[in-house]
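*Asks:* Got my_file39.tsv for you, TSV, C-alpha atoms and all ligand atoms:
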chain	number	residue	atom	x	y	z
J	163	MET	CA	34.15	-19.92	11.65
J	164	ASN	CA	37.22	-20.60	9.59
J	165	ILE	CA	36.86	-19.81	5.90
J	166	LEU	CA	39.43	-20.62	3.25
J	167	ILE	CA	39.42	-18.73	-0.01
J	168	THR	CA	41.77	-20.14	-2.62
J	169	GLY	CA	42.55	-17.59	-5.30
J	170	GLY	CA	41.75	-15.06	-2.60
J	171	ALA	CA	43.78	-12.36	-4.33
J	172	GLY	CA	41.74	-12.73	-7.52
J	173	MET	CA	38.71	-10.67	-8.38
J	174	ILE	CA	36.09	-13.12	-7.12
J	175	GLY	CA	38.24	-14.49	-4.29
J	176	SER	CA	39.10	-11.06	-2.89
J	177	HIS	CA	35.42	-10.11	-2.74
J	178	CYS	CA	34.60	-13.38	-0.97
J	179	ALA	CA	37.44	-12.75	1.50
J	180	GLU	CA	36.24	-9.24	2.24
J	181	TYR	CA	32.62	-10.39	2.63
J	182	TYR	CA	33.50	-12.96	5.28
J	183	ALA	CA	36.16	-10.86	7.02
J	184	ALA	CA	34.14	-7.65	7.24
J	185	ASP	CA	32.35	-8.25	10.54
J	186	GLY	CA	35.55	-9.39	12.24
J	187	LYS	CA	33.98	-12.63	13.51
J	188	ASN	CA	35.47	-15.19	11.12
J	189	LYS	CA	39.04	-16.19	10.52
J	190	VAL	CA	39.57	-15.96	6.76
J	191	VAL	CA	42.51	-17.67	5.09
J	192	VAL	CA	43.52	-16.29	1.69
J	193	TYR	CA	45.60	-18.79	-0.27
J	194	ASP	CA	47.04	-17.57	-3.58
J	195	ASN	CA	50.36	-17.67	-5.43
J	196	LEU	CA	49.59	-14.42	-7.32
J	197	MET	CA	50.17	-16.08	-10.65
J	198	ARG	CA	47.43	-14.22	-12.50
J	199	SER	CA	50.00	-11.59	-13.42
J	200	LYS	CA	52.21	-14.25	-15.00
J	201	ILE	CA	49.37	-16.03	-16.77
J	202	PHE	CA	48.35	-12.81	-18.52
J	203	LEU	CA	51.91	-11.41	-18.77
J	204	SER	CA	50.84	-8.22	-17.08
J	205	GLY	CA	54.11	-7.65	-15.22
J	206	LYS	CA	53.20	-7.37	-11.52
J	207	LYS	CA	50.24	-5.11	-11.86
J	208	SER	CA	47.19	-7.11	-11.10
J	209	VAL	CA	46.25	-9.29	-8.14
J	210	GLU	CA	49.18	-8.00	-6.05
J	211	TYR	CA	46.96	-4.97	-5.48
J	212	ASN	CA	44.16	-7.15	-4.05
J	213	TRP	CA	46.63	-9.01	-1.85
J	214	ARG	CA	47.79	-5.71	-0.34
J	215	TYR	CA	44.23	-4.35	-0.17
J	216	LEU	CA	43.05	-7.26	2.02
J	217	HIS	CA	45.78	-6.61	4.59
J	218	ARG	CA	43.47	-3.99	6.16
J	219	TYR	CA	41.56	-6.90	7.75
J	220	LYS	CA	43.30	-8.21	10.86
J	221	ASN	CA	41.32	-11.46	10.77
J	222	ILE	CA	42.69	-12.48	7.36
J	223	VAL	CA	45.65	-14.86	7.25
J	224	PHE	CA	47.71	-14.94	4.05
J	225	ILE	CA	49.34	-18.00	2.53
J	226	LYS	CA	51.34	-17.37	-0.61
J	227	ASN	CA	51.54	-20.76	-2.25
J	228	ASP	CA	50.44	-22.92	-5.13
J	229	ILE	CA	47.28	-25.05	-4.92
J	230	ARG	CA	49.24	-27.78	-6.72
J	231	ASP	CA	51.65	-28.03	-3.78
J	232	SER	CA	49.91	-30.85	-1.91
J	233	LYS	CA	52.09	-30.52	1.16
J	234	ALA	CA	51.38	-26.80	1.53
J	235	VAL	CA	47.66	-27.39	0.97
J	236	ASP	CA	47.65	-30.18	3.53
J	237	ASN	CA	49.43	-28.00	6.11
J	238	CYS	CA	46.91	-25.25	5.56
J	239	PHE	CA	43.96	-27.61	6.13
J	240	ARG	CA	45.57	-29.29	9.12
J	241	ARG	CA	46.07	-25.92	10.75
J	242	TYR	CA	42.77	-24.17	9.94
J	243	ARG	CA	40.23	-27.01	9.30
J	244	PRO	CA	37.95	-24.66	7.30
J	245	ASP	CA	34.17	-24.81	7.70
J	246	LEU	CA	33.82	-23.34	4.22
J	247	VAL	CA	36.17	-23.47	1.24
J	248	ILE	CA	35.53	-21.22	-1.73
J	249	HIS	CA	37.78	-22.54	-4.46
J	250	ALA	CA	38.32	-19.52	-6.68
J	251	ALA	CA	41.96	-20.24	-7.58
J	252	GLY	CA	42.39	-21.15	-11.19
J	253	GLN	CA	43.84	-20.13	-14.46
J	254	SER	CA	40.99	-18.52	-16.34
J	255	GLY	CA	42.47	-17.73	-19.75
J	256	VAL	CA	41.26	-19.69	-22.79
J	257	ARG	CA	44.26	-18.45	-24.81
J	258	PHE	CA	46.66	-19.59	-22.04
J	259	SER	CA	45.01	-23.03	-22.04
J	260	LEU	CA	45.43	-23.39	-25.79
J	261	ASP	CA	49.14	-22.55	-25.54
J	262	ASN	CA	49.79	-24.45	-22.27
J	263	PRO	CA	47.27	-27.28	-21.97
J	264	LEU	CA	49.31	-29.20	-19.38
J	265	ASP	CA	49.71	-26.22	-17.07
J	266	ASP	CA	46.03	-25.48	-17.48
J	267	LEU	CA	45.16	-29.07	-16.56
J	268	SER	CA	47.45	-29.14	-13.55
J	269	ILE	CA	46.14	-25.85	-12.13
J	270	ASN	CA	42.44	-26.25	-12.84
J	271	THR	CA	41.95	-29.98	-12.39
J	272	VAL	CA	44.80	-31.34	-10.24
J	273	GLY	CA	44.85	-28.18	-8.11
J	274	THR	CA	41.10	-28.49	-7.53
J	275	VAL	CA	41.30	-32.13	-6.45
J	276	ASN	CA	44.21	-31.27	-4.18
J	277	VAL	CA	42.11	-28.71	-2.31
J	278	LEU	CA	38.91	-30.77	-2.37
J	279	ASP	CA	40.55	-33.90	-1.03
J	280	ALA	CA	42.28	-31.94	1.72
J	281	LEU	CA	38.82	-30.88	2.94
J	282	ARG	CA	37.69	-34.52	2.84
J	283	ARG	CA	40.68	-35.59	4.93
J	284	HIS	CA	40.61	-32.77	7.46
J	285	ASN	CA	36.98	-31.65	7.76
J	286	PRO	CA	34.53	-33.65	5.62
J	287	GLY	CA	31.61	-31.86	7.27
J	288	GLY	CA	32.80	-28.55	5.79
J	289	ALA	CA	31.28	-27.02	2.65
J	290	PHE	CA	33.06	-26.65	-0.69
J	291	ILE	CA	32.09	-24.08	-3.33
J	292	TYR	CA	33.59	-24.40	-6.80
J	293	CYS	CA	33.87	-21.59	-9.35
J	294	SER	CA	32.92	-23.40	-12.53
J	295	THR	CA	32.16	-21.92	-15.92
J	296	ASN	CA	29.69	-21.82	-18.78
J	297	LYS	CA	32.53	-23.15	-20.94
J	298	VAL	CA	31.70	-26.64	-19.65
J	299	TYR	CA	28.86	-26.64	-22.21
J	300	GLY	CA	31.29	-25.97	-25.04
J	301	GLU	CA	29.93	-25.57	-28.54
J	302	HIS	CA	26.52	-27.04	-27.72
J	303	VAL	CA	25.53	-23.50	-26.93
J	304	ASN	CA	26.15	-22.52	-30.56
J	305	LYS	CA	23.45	-24.94	-31.72
J	306	VAL	CA	20.72	-22.85	-30.11
J	307	GLN	CA	18.78	-20.88	-32.76
J	308	LEU	CA	19.57	-17.18	-32.79
J	309	VAL	CA	18.00	-14.04	-34.15
J	310	GLU	CA	20.19	-11.17	-35.29
J	311	LYS	CA	19.31	-7.64	-34.19
J	312	LYS	CA	21.03	-4.31	-34.83
J	313	THR	CA	23.46	-4.49	-31.90
J	314	ARG	CA	23.23	-8.12	-30.80
J	315	TYR	CA	22.26	-11.73	-31.27
J	316	ASN	CA	19.52	-13.21	-29.09
J	317	PHE	CA	18.39	-16.77	-28.48
J	318	ARG	CA	15.30	-17.18	-30.68
J	319	LYS	CA	13.16	-18.96	-28.08
J	320	LEU	CA	15.28	-20.09	-25.17
J	321	GLN	CA	15.47	-17.81	-22.12
J	322	GLY	CA	18.82	-19.26	-21.07
J	323	ILE	CA	21.02	-22.35	-20.87
J	324	PRO	CA	19.82	-24.70	-18.10
J	325	GLU	CA	21.97	-26.98	-15.94
J	326	THR	CA	20.58	-29.98	-17.86
J	327	GLN	CA	22.45	-28.96	-21.03
J	328	THR	CA	24.71	-31.87	-22.00
J	329	VAL	CA	28.46	-31.37	-21.72
J	330	ASP	CA	30.02	-33.99	-23.98
J	331	HIS	CA	30.26	-34.72	-27.73
J	332	THR	CA	31.39	-31.20	-28.47
J	333	GLY	CA	34.42	-28.88	-28.56
J	334	HIS	CA	35.37	-27.08	-25.34
J	335	THR	CA	38.95	-25.71	-25.46
J	336	PRO	CA	41.39	-27.13	-22.87
J	337	TYR	CA	40.16	-24.52	-20.38
J	338	GLY	CA	36.57	-25.78	-20.71
J	339	ILE	CA	37.73	-29.34	-20.14
J	340	SER	CA	40.02	-28.68	-17.18
J	341	LYS	CA	37.24	-26.72	-15.47
J	342	LEU	CA	34.67	-29.40	-16.33
J	343	ALA	CA	36.88	-32.12	-14.85
J	344	GLY	CA	37.13	-30.07	-11.64
J	345	ASP	CA	33.36	-29.53	-11.71
J	346	LEU	CA	32.74	-33.30	-11.99
J	347	TYR	CA	35.15	-34.08	-9.16
J	348	VAL	CA	33.39	-31.59	-6.91
J	349	GLN	CA	30.00	-33.12	-7.80
J	350	ASP	CA	31.37	-36.56	-7.15
J	351	TYR	CA	32.68	-35.75	-3.69
J	352	ALA	CA	29.06	-35.01	-2.73
J	353	HIS	CA	27.85	-38.29	-4.22
J	354	THR	CA	30.70	-40.53	-3.12
J	355	TYR	CA	31.76	-39.00	0.19
J	356	GLY	CA	28.54	-37.19	1.18
J	357	MET	CA	30.25	-33.79	1.38
J	358	LYS	CA	28.35	-30.52	0.96
J	359	THR	CA	29.42	-29.16	-2.41
J	360	GLY	CA	28.09	-26.33	-4.56
J	361	ILE	CA	29.10	-25.83	-8.18
J	362	PHE	CA	28.47	-22.45	-9.76
J	363	ARG	CA	28.78	-22.40	-13.57
J	364	MET	CA	29.38	-18.72	-14.18
J	365	SER	CA	29.44	-16.73	-17.36
J	366	CYS	CA	30.66	-13.16	-17.00
J	367	ILE	CA	31.34	-11.89	-13.50
J	368	TYR	CA	32.65	-8.36	-13.18
J	369	GLY	CA	33.43	-5.93	-10.42
J	370	THR	CA	35.94	-3.72	-8.70
J	371	ARG	CA	39.47	-5.09	-8.18
J	372	GLN	CA	39.20	-6.79	-11.56
J	373	PHE	CA	42.20	-6.63	-13.83
J	374	GLY	CA	40.88	-7.48	-17.28
J	375	PHE	CA	42.97	-8.54	-20.23
J	376	GLU	CA	42.09	-9.15	-23.85
J	377	ASP	CA	41.93	-12.88	-23.04
J	378	GLN	CA	39.78	-12.63	-19.90
J	379	GLY	CA	37.56	-10.14	-18.12
J	380	TRP	CA	36.23	-8.27	-21.18
J	381	ILE	CA	34.13	-5.69	-19.32
J	382	ALA	CA	37.13	-4.62	-17.21
J	383	TRP	CA	39.41	-4.74	-20.28
J	384	PHE	CA	37.12	-2.53	-22.41
J	385	THR	CA	36.64	-0.12	-19.49
J	386	ALA	CA	40.41	0.21	-19.01
J	387	CYS	CA	40.84	0.85	-22.75
J	388	TYR	CA	38.32	3.70	-22.59
J	389	LEU	CA	39.98	5.26	-19.58
J	390	LEU	CA	43.44	5.03	-21.12
J	391	GLY	CA	42.38	5.80	-24.70
J	392	LYS	CA	43.65	2.44	-26.00
J	393	ARG	CA	42.48	0.69	-29.17
J	394	ILE	CA	40.07	-2.23	-28.70
J	395	THR	CA	40.15	-5.32	-30.92
J	396	ILE	CA	36.88	-7.17	-31.30
J	397	TYR	CA	37.01	-10.79	-32.49
J	398	GLY	CA	33.83	-11.32	-34.53
J	399	ASP	CA	31.20	-8.68	-35.26
J	400	GLY	CA	30.69	-7.44	-31.68
J	401	LYS	CA	27.11	-8.66	-31.54
J	402	GLN	CA	28.04	-11.58	-29.27
J	403	VAL	CA	26.06	-11.48	-26.03
J	404	ARG	CA	26.83	-12.50	-22.46
J	405	ASP	CA	24.76	-12.30	-19.33
J	406	VAL	CA	26.67	-10.28	-16.78
J	407	LEU	CA	26.69	-10.42	-12.98
J	408	TRP	CA	28.14	-7.93	-10.51
J	409	VAL	CA	30.53	-9.73	-8.15
J	410	ASP	CA	28.69	-8.79	-4.92
J	411	ASP	CA	25.58	-10.50	-6.26
J	412	LEU	CA	27.64	-13.63	-6.90
J	413	VAL	CA	29.06	-13.67	-3.37
J	414	ARG	CA	25.52	-13.49	-1.96
J	415	ALA	CA	24.59	-16.57	-4.01
J	416	TYR	CA	27.58	-18.50	-2.61
J	417	ASP	CA	26.63	-17.49	0.90
J	418	ALA	CA	23.00	-18.49	0.34
J	419	PHE	CA	24.16	-21.97	-0.67
J	420	PHE	CA	26.52	-22.21	2.31
J	421	LYS	CA	23.77	-21.24	4.75
J	422	SER	CA	21.12	-23.42	3.12
J	423	ALA	CA	20.24	-26.96	4.15
J	424	LEU	CA	21.18	-28.15	0.65
J	425	LYS	CA	23.82	-30.86	0.60
J	426	TYR	CA	24.64	-30.43	-3.06
J	427	GLY	CA	23.86	-28.22	-6.02
J	428	VAL	CA	24.92	-27.33	-9.56
J	429	PHE	CA	23.80	-23.84	-10.54
J	430	ASN	CA	24.09	-21.88	-13.74
J	431	MET	CA	25.00	-18.48	-12.46
J	432	GLY	CA	24.90	-15.06	-14.04
J	433	GLY	CA	22.65	-12.10	-14.63
J	434	GLY	CA	20.13	-14.23	-16.54
J	435	ASN	CA	18.15	-12.99	-19.50
J	436	ARG	CA	17.33	-9.61	-17.91
J	437	GLN	CA	20.99	-8.65	-17.49
J	438	THR	CA	22.81	-9.09	-20.75
J	439	LEU	CA	25.20	-7.03	-22.85
J	440	SER	CA	26.67	-7.36	-26.32
J	441	LEU	CA	30.18	-6.08	-26.96
J	442	LEU	CA	28.78	-3.27	-29.13
J	443	GLU	CA	26.33	-2.30	-26.38
J	444	LEU	CA	29.14	-2.12	-23.84
J	445	LEU	CA	31.04	0.23	-26.17
J	446	GLY	CA	27.94	2.45	-26.25
J	447	ILE	CA	27.66	2.53	-22.44
J	448	LEU	CA	31.36	3.30	-22.04
J	449	GLU	CA	31.16	6.13	-24.57
J	450	GLU	CA	28.34	7.64	-22.55
J	451	ILE	CA	30.06	7.20	-19.18
J	452	THR	CA	33.51	8.40	-20.18
J	453	GLY	CA	32.47	10.90	-22.84
J	454	ARG	CA	35.15	9.59	-25.15
J	455	LYS	CA	35.48	7.35	-28.19
J	456	VAL	CA	38.23	4.81	-28.76
J	457	LYS	CA	39.45	3.18	-31.96
J	458	VAL	CA	37.93	-0.24	-32.52
J	459	SER	CA	39.20	-2.84	-34.98
J	460	PHE	CA	37.53	-6.12	-35.95
J	461	LYS	CA	39.24	-9.47	-36.49
J	462	ASP	CA	38.08	-13.02	-37.25
J	463	TRP	CA	35.91	-14.88	-34.72
J	464	ARG	CA	37.83	-16.78	-32.04
J	465	LYS	CA	37.69	-20.52	-32.39
J	466	LEU	CA	34.90	-22.07	-30.26
J	467	ASP	CA	33.60	-18.67	-29.16
J	468	GLN	CA	29.98	-18.78	-28.03
J	469	LYS	CA	27.87	-16.26	-29.99
J	470	VAL	CA	25.35	-15.96	-27.18
J	471	TYR	CA	25.64	-17.26	-23.69
J	472	ILE	CA	22.87	-16.51	-21.22
J	473	SER	CA	22.45	-18.55	-18.03
J	474	ASP	CA	19.05	-19.81	-17.06
J	475	ILE	CA	19.11	-18.81	-13.39
J	476	THR	CA	15.69	-20.21	-12.48
J	477	LEU	CA	17.14	-22.90	-10.21
J	478	ALA	CA	19.34	-20.49	-8.25
J	479	ARG	CA	16.45	-18.03	-7.89
J	480	LYS	CA	14.19	-20.77	-6.61
J	481	VAL	CA	16.31	-22.86	-4.28
J	482	LEU	CA	18.74	-20.20	-3.07
J	483	LYS	CA	16.02	-17.52	-2.88
J	484	TRP	CA	18.47	-15.26	-4.65
J	485	LYS	CA	18.35	-12.75	-7.48
J	486	PRO	CA	20.76	-10.33	-9.16
J	487	THR	CA	20.35	-6.74	-8.02
J	488	ILE	CA	22.85	-4.63	-9.98
J	489	ALA	CA	21.85	-3.84	-13.57
J	490	PRO	CA	24.63	-3.76	-16.23
J	491	ARG	CA	24.50	0.03	-16.73
J	492	GLU	CA	24.88	0.60	-12.98
J	493	GLY	CA	27.63	-2.02	-12.60
J	494	VAL	CA	29.68	-0.69	-15.50
J	495	GLY	CA	29.39	2.78	-13.95
J	496	LEU	CA	30.65	1.48	-10.58
J	497	LEU	CA	33.55	-0.33	-12.24
J	498	ALA	CA	34.50	2.71	-14.35
J	499	ARG	CA	34.48	4.92	-11.25
J	500	TRP	CA	36.73	2.51	-9.34
J	501	MET	CA	39.13	2.27	-12.29
J	502	LYS	CA	39.22	6.03	-12.71
J	503	ASP	CA	40.05	6.44	-9.01
J	504	ASN	CA	42.84	3.85	-9.39
J	505	LYS	CA	43.97	4.77	-12.89
J	506	LYS	CA	47.65	4.37	-12.09
J	507	LEU	CA	47.12	0.62	-11.60
J	508	PHE	CA	46.23	0.27	-15.24
J	509	GLN	CA	48.85	2.48	-16.88
Z	601	LIG	N1	35.40	-13.91	-13.68
Z	601	LIG	C1	34.60	-14.62	-14.44
Z	601	LIG	O1	33.83	-14.07	-15.24
Z	601	LIG	C2	34.57	-16.11	-14.34
Z	601	LIG	C3	33.64	-16.84	-15.12
Z	601	LIG	C4	33.62	-18.23	-15.02
Z	601	LIG	C5	34.48	-18.88	-14.18
Z	601	LIG	N2	35.38	-18.18	-13.44
Z	601	LIG	C6	36.29	-18.92	-12.57
Z	601	LIG	O2	36.28	-18.33	-11.30
Z	601	LIG	C7	37.56	-18.39	-10.70
Z	601	LIG	C8	37.97	-17.02	-10.20
Z	601	LIG	O3	37.87	-16.10	-11.28
Z	601	LIG	P1	38.44	-14.63	-11.17
Z	601	LIG	O4	37.76	-13.82	-12.21
Z	601	LIG	O5	38.45	-14.16	-9.78
Z	601	LIG	O6	39.92	-14.88	-11.67
Z	601	LIG	P2	41.30	-14.28	-11.13
Z	601	LIG	O7	42.33	-14.66	-12.14
Z	601	LIG	O8	41.12	-12.84	-10.79
Z	601	LIG	O9	41.54	-15.09	-9.79
Z	601	LIG	C9	42.14	-16.35	-9.76
Z	601	LIG	C10	43.23	-16.31	-8.71
Z	601	LIG	O10	43.80	-17.61	-8.62
Z	601	LIG	C11	45.20	-17.46	-8.43
Z	601	LIG	N3	45.86	-18.66	-8.91
Z	601	LIG	C12	45.99	-19.11	-10.19
Z	601	LIG	N4	46.68	-20.25	-10.22
Z	601	LIG	C13	46.99	-20.54	-8.93
Z	601	LIG	C14	47.70	-21.61	-8.33
Z	601	LIG	N5	48.23	-22.59	-9.07
Z	601	LIG	N6	47.85	-21.62	-6.99
Z	601	LIG	C15	47.32	-20.61	-6.22
Z	601	LIG	N7	46.62	-19.58	-6.76
Z	601	LIG	C16	46.47	-19.54	-8.08
Z	601	LIG	C17	45.56	-16.23	-9.26
Z	601	LIG	O11	46.78	-15.65	-8.85
Z	601	LIG	C18	44.36	-15.33	-9.02
Z	601	LIG	O12	44.59	-14.47	-7.92
Z	601	LIG	C19	38.51	-18.97	-11.75
Z	601	LIG	O13	38.73	-20.32	-11.43
Z	601	LIG	C20	37.73	-18.86	-13.05
Z	601	LIG	O14	38.01	-19.94	-13.91
Z	601	LIG	C21	35.45	-16.82	-13.51
Can you present the structure in this file as structure tokens?
Ligand SMILES: NC(=O)c1ccc[n+]([C@@H]2O[C@H](COP(=O)([O-])OP(=O)(O)OC[C@H]3O[C@@H](n4cnc5c(N)ncnc54)[C@H](O)[C@@H]3O)[C@@H](O)[C@H]2O)c1
*Replies:*
Amino acid sequence: MNILITGGAGMIGSHCAEYYAADGKNKVVVYDNLMRSKIFLSGKKSVEYNWRYLHRYKNIVFIKNDIRDSKAVDNCFRRYRPDLVIHAAGQSGVRFSLDNPLDDLSINTVGTVNVLDALRRHNPGGAFIYCSTNKVYGEHVNKVQLVEKKTRYNFRKLQGIPETQTVDHTGHTPYGISKLAGDLYVQDYAHTYGMKTGIFRMSCIYGTRQFGFEDQGWIAWFTACYLLGKRITIYGDGKQVRDVLWVDDLVRAYDAFFKSALKYGVFNMGGGNRQTLSLLELLGILEEITGRKVKVSFKDWRKLDQKVYISDITLARKVLKWKPTIAPREGVGLLARWMKDNKKLFQ
């Protein structure tokens, strides 16, 4: 099979690429322009590592290009006619989207339609998986009643946000909107053109080969701060809660959709209500794992931040026959070990 992973140098994309390349049977095409480093101003120290890492697989082909370049995308599809596309390329920073809404729109929405339509033209029988986000629900999530505990907020009654949560009449941030527009296009290509499309609305995915920044990838960012003894700034009181999912568990969910007879699906995806962490709780775990304390300062809440986001993963559990397997404490330990072994990448 031919499998195209856009954003294949990113954290999620590189794990998808490795998963499908590992047994040597598939041809995997990794398409990425390595712009994560520019988006987060990290100066050449992030996804370039993943790009090099994947070169150990002889059955991976590399295309360094922009998903907005329709000619390059078209050439790629003409040549490889992928049976599966995992569209993980995107700009994932809320801060970046607030400062650069047009770039955000062109990467996340126009870039998505570029890739999606190329599949329609070149192999409409192929499957398309879209990395969507919980941010499509915007501030609706903040209307859910909460209870405040010592280290966290919890939903008072709800076990998690279901896929039926409405998406309009609320604030989103440009990032939430550009991803939502992509999400709707991908849904529509199933309805209008009969293509097999799966939309995964993810909250917090974490794992090895993740380069976290203050604006995105908080578990990886906090872990790097502990390893390097850097100060952490928390926006809000630190009791905000996210459900968290180890990246290998996510890739299994994608694969379950691909291999299923389902023609279409929208799934809220994450660790669900049994795998959640507040920022303060993550600090506690990292203190235990690293045996060190770091300085923490608190600033005002970020605009449109969700106080609690927990995915209701009932649908994915049921129809994909899937469940998360790595608990947060274990996952953070795995990530910290990988970062410690590769400390120079973060200095
Ligand atoms: N990681 C999460 O917790 C999370 C949660 C919700 C949604 N998502 C979405 O999942 C996707 C992948 O997330 P990730 O954590 O792997 O992010 P990532 O930043 O590590 O990976 C994205 C990759 O896309 C590439 N890219 C960006 N713009 C591009 C362009 N114009 N052309 C080609 N490549 C481009 C980047 O260089 C990067 O390698 C993103 O679209 C993100 O919005 C991620």
*Asks:* Given the choices J:Tyr292, J:Tyr397, J:Phe384, J:Phe419, which gets closest to Phe362 of chain J if the distance is worked out from only C-alpha atoms?
*Replies:*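 Looking at the shortest contact to Phe362 of chain J, the residue is J:Tyr292.
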*Asks:* Between J:Ile381, J:Val277, J:Ile222, J:Ala251, which one has atoms that come closest to ligand LIG 601 (chain Z), using only C-alpha atoms and all ligand atoms?
*Replies:*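 Using only C-alpha atoms and all ligand atoms, the shortest distance to ligand LIG 601 (chain Z) belongs to J:Ala251.
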*Asks:* So how many Å separate atom O5 of ligand LIG 601 (chain Z) and atom CA of Thr313 of chain J, to one decimal?
*Replies:*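 So the answer is 28.4 Å.
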*Asks:* Under the rule of at most 6 Å, produce a per-residue listing of chain J near ligand LIG 601 (chain Z): chain, number, name, the closest pair of atoms, and the distance in Å, as a Markdown table, using all atoms listed in the file.
*Replies:*
| residue | atom | partner | partner_atom | distance |
| --- | --- | --- | --- | --- |
| J:Gly169 | CA | Z:LIG601 | O10 | 3.5 |
| J:Ala171 | CA | Z:LIG601 | O12 | 4.2 |
| J:Gly172 | CA | Z:LIG601 | O9 | 3.3 |
| J:Met173 | CA | Z:LIG601 | O5 | 3.8 |
| J:Ile174 | CA | Z:LIG601 | O5 | 3.7 |
| J:Gly175 | CA | Z:LIG601 | O5 | 5.5 |
| J:Asp194 | CA | Z:LIG601 | N7 | 3.8 |
| J:Asn195 | CA | Z:LIG601 | C15 | 4.3 |
| J:Leu196 | CA | Z:LIG601 | O11 | 3.4 |
| J:Met197 | CA | Z:LIG601 | O11 | 3.9 |
| J:Arg198 | CA | Z:LIG601 | O11 | 4.0 |
| J:Val209 | CA | Z:LIG601 | O12 | 5.4 |
| J:Asn227 | CA | Z:LIG601 | C15 | 5.8 |
| J:Asp228 | CA | Z:LIG601 | N6 | 3.4 |
| J:Ile229 | CA | Z:LIG601 | N6 | 4.0 |
| J:Arg230 | CA | Z:LIG601 | N5 | 5.8 |
| J:Ala250 | CA | Z:LIG601 | C7 | 4.2 |
| J:Ala251 | CA | Z:LIG601 | O10 | 3.4 |
| J:Gly252 | CA | Z:LIG601 | O13 | 3.8 |
| J:Gln253 | CA | Z:LIG601 | C12 | 4.9 |
| J:Ser254 | CA | Z:LIG601 | O14 | 4.1 |
| J:Ile269 | CA | Z:LIG601 | N5 | 4.9 |
| J:Cys293 | CA | Z:LIG601 | O2 | 4.5 |
| J:Ser294 | CA | Z:LIG601 | C5 | 5.1 |
| J:Thr295 | CA | Z:LIG601 | C4 | 4.1 |
| J:Met364 | CA | Z:LIG601 | C4 | 4.4 |
| J:Ser365 | CA | Z:LIG601 | C3 | 4.8 |
| J:Cys366 | CA | Z:LIG601 | O1 | 3.7 |
| J:Ile367 | CA | Z:LIG601 | O1 | 3.7 |
*Asks:* At a cut-off of 8 Å, using only C-alpha atoms, what residues contact Phe202 of chain J? Leave out same-chain residues fewer than 3 positions from it and give the result as a ChimeraX atom specification.
*Replies:* /J:198-199,255,258,375,377
*Asks:* So that I can check the surroundings of segment 434-450 of chain J, please list as a VMD selection string every protein, DNA and RNA residue that reaches within 6 Å of it, counting all atoms listed in the file and ignoring chain neighbours fewer than 3 positions away.
*Replies:* chain J and resid 314 400 to 406 453 to 455 472 to 475
*Asks:* Take the residues just selected and output them with C-alpha atoms as a PDB file, in the coordinates of the input.
*Replies:*
ATOM      1  CA  ARG J 314      23.230  -8.120 -30.800  1.00  0.00           C
ATOM      2  CA  GLY J 400      30.690  -7.440 -31.680  1.00  0.00           C
ATOM      3  CA  LYS J 401      27.110  -8.660 -31.540  1.00  0.00           C
ATOM      4  CA  GLN J 402      28.040 -11.580 -29.270  1.00  0.00           C
ATOM      5  CA  VAL J 403      26.060 -11.480 -26.030  1.00  0.00           C
ATOM      6  CA  ARG J 404      26.830 -12.500 -22.460  1.00  0.00           C
ATOM      7  CA  ASP J 405      24.760 -12.300 -19.330  1.00  0.00           C
ATOM      8  CA  VAL J 406      26.670 -10.280 -16.780  1.00  0.00           C
ATOM      9  CA  GLY J 453      32.470  10.900 -22.840  1.00  0.00           C
ATOM     10  CA  ARG J 454      35.150   9.590 -25.150  1.00  0.00           C
ATOM     11  CA  LYS J 455      35.480   7.350 -28.190  1.00  0.00           C
ATOM     12  CA  ILE J 472      22.870 -16.510 -21.220  1.00  0.00           C
ATOM     13  CA  SER J 473      22.450 -18.550 -18.030  1.00  0.00           C
ATOM     14  CA  ASP J 474      19.050 -19.810 -17.060  1.00  0.00           C
ATOM     15  CA  ILE J 475      19.110 -18.810 -13.390  1.00  0.00           C
TER      16      ILE J 475
END
*Asks:* Which polymer residues have any atom within 9 Å of an atom of segment 498-501 of chain J, counting only C-alpha atoms, with same-chain residues fewer than 2 positions away left out, as a list of chain:residue names?
*Replies:* J:Thr370, J:Arg371, J:Ala382, J:Thr385, J:Ala386, J:Leu389, J:Leu448, J:Ile451, J:Thr452, J:Gly493, J:Val494, J:Gly495, J:Leu496, J:Asp503, J:Asn504, J:Lys505, J:Lys506, J:Leu507, J:Phe508
*Asks:* How would the residues just picked look written out with C-alpha atoms as an mmCIF file, in the frame of the given file?
*Replies:*
data_model
loop_
_atom_site.group_PDB
_atom_site.id
_atom_site.type_symbol
_atom_site.label_atom_id
_atom_site.label_comp_id
_atom_site.auth_asym_id
_atom_site.auth_seq_id
_atom_site.Cartn_x
_atom_site.Cartn_y
_atom_site.Cartn_z
ATOM 1 C CA THR J 370 35.940 -3.720 -8.700
ATOM 2 C CA ARG J 371 39.470 -5.090 -8.180
ATOM 3 C CA ALA J 382 37.130 -4.620 -17.210
ATOM 4 C CA THR J 385 36.640 -0.120 -19.490
ATOM 5 C CA ALA J 386 40.410 0.210 -19.010
ATOM 6 C CA LEU J 389 39.980 5.260 -19.580
ATOM 7 C CA LEU J 448 31.360 3.300 -22.040
ATOM 8 C CA ILE J 451 30.060 7.200 -19.180
ATOM 9 C CA THR J 452 33.510 8.400 -20.180
ATOM 10 C CA GLY J 493 27.630 -2.020 -12.600
ATOM 11 C CA VAL J 494 29.680 -0.690 -15.500
ATOM 12 C CA GLY J 495 29.390 2.780 -13.950
ATOM 13 C CA LEU J 496 30.650 1.480 -10.580
ATOM 14 C CA ASP J 503 40.050 6.440 -9.010
ATOM 15 C CA ASN J 504 42.840 3.850 -9.390
ATOM 16 C CA LYS J 505 43.970 4.770 -12.890
ATOM 17 C CA LYS J 506 47.650 4.370 -12.090
ATOM 18 C CA LEU J 507 47.120 0.620 -11.600
ATOM 19 C CA PHE J 508 46.230 0.270 -15.240
#
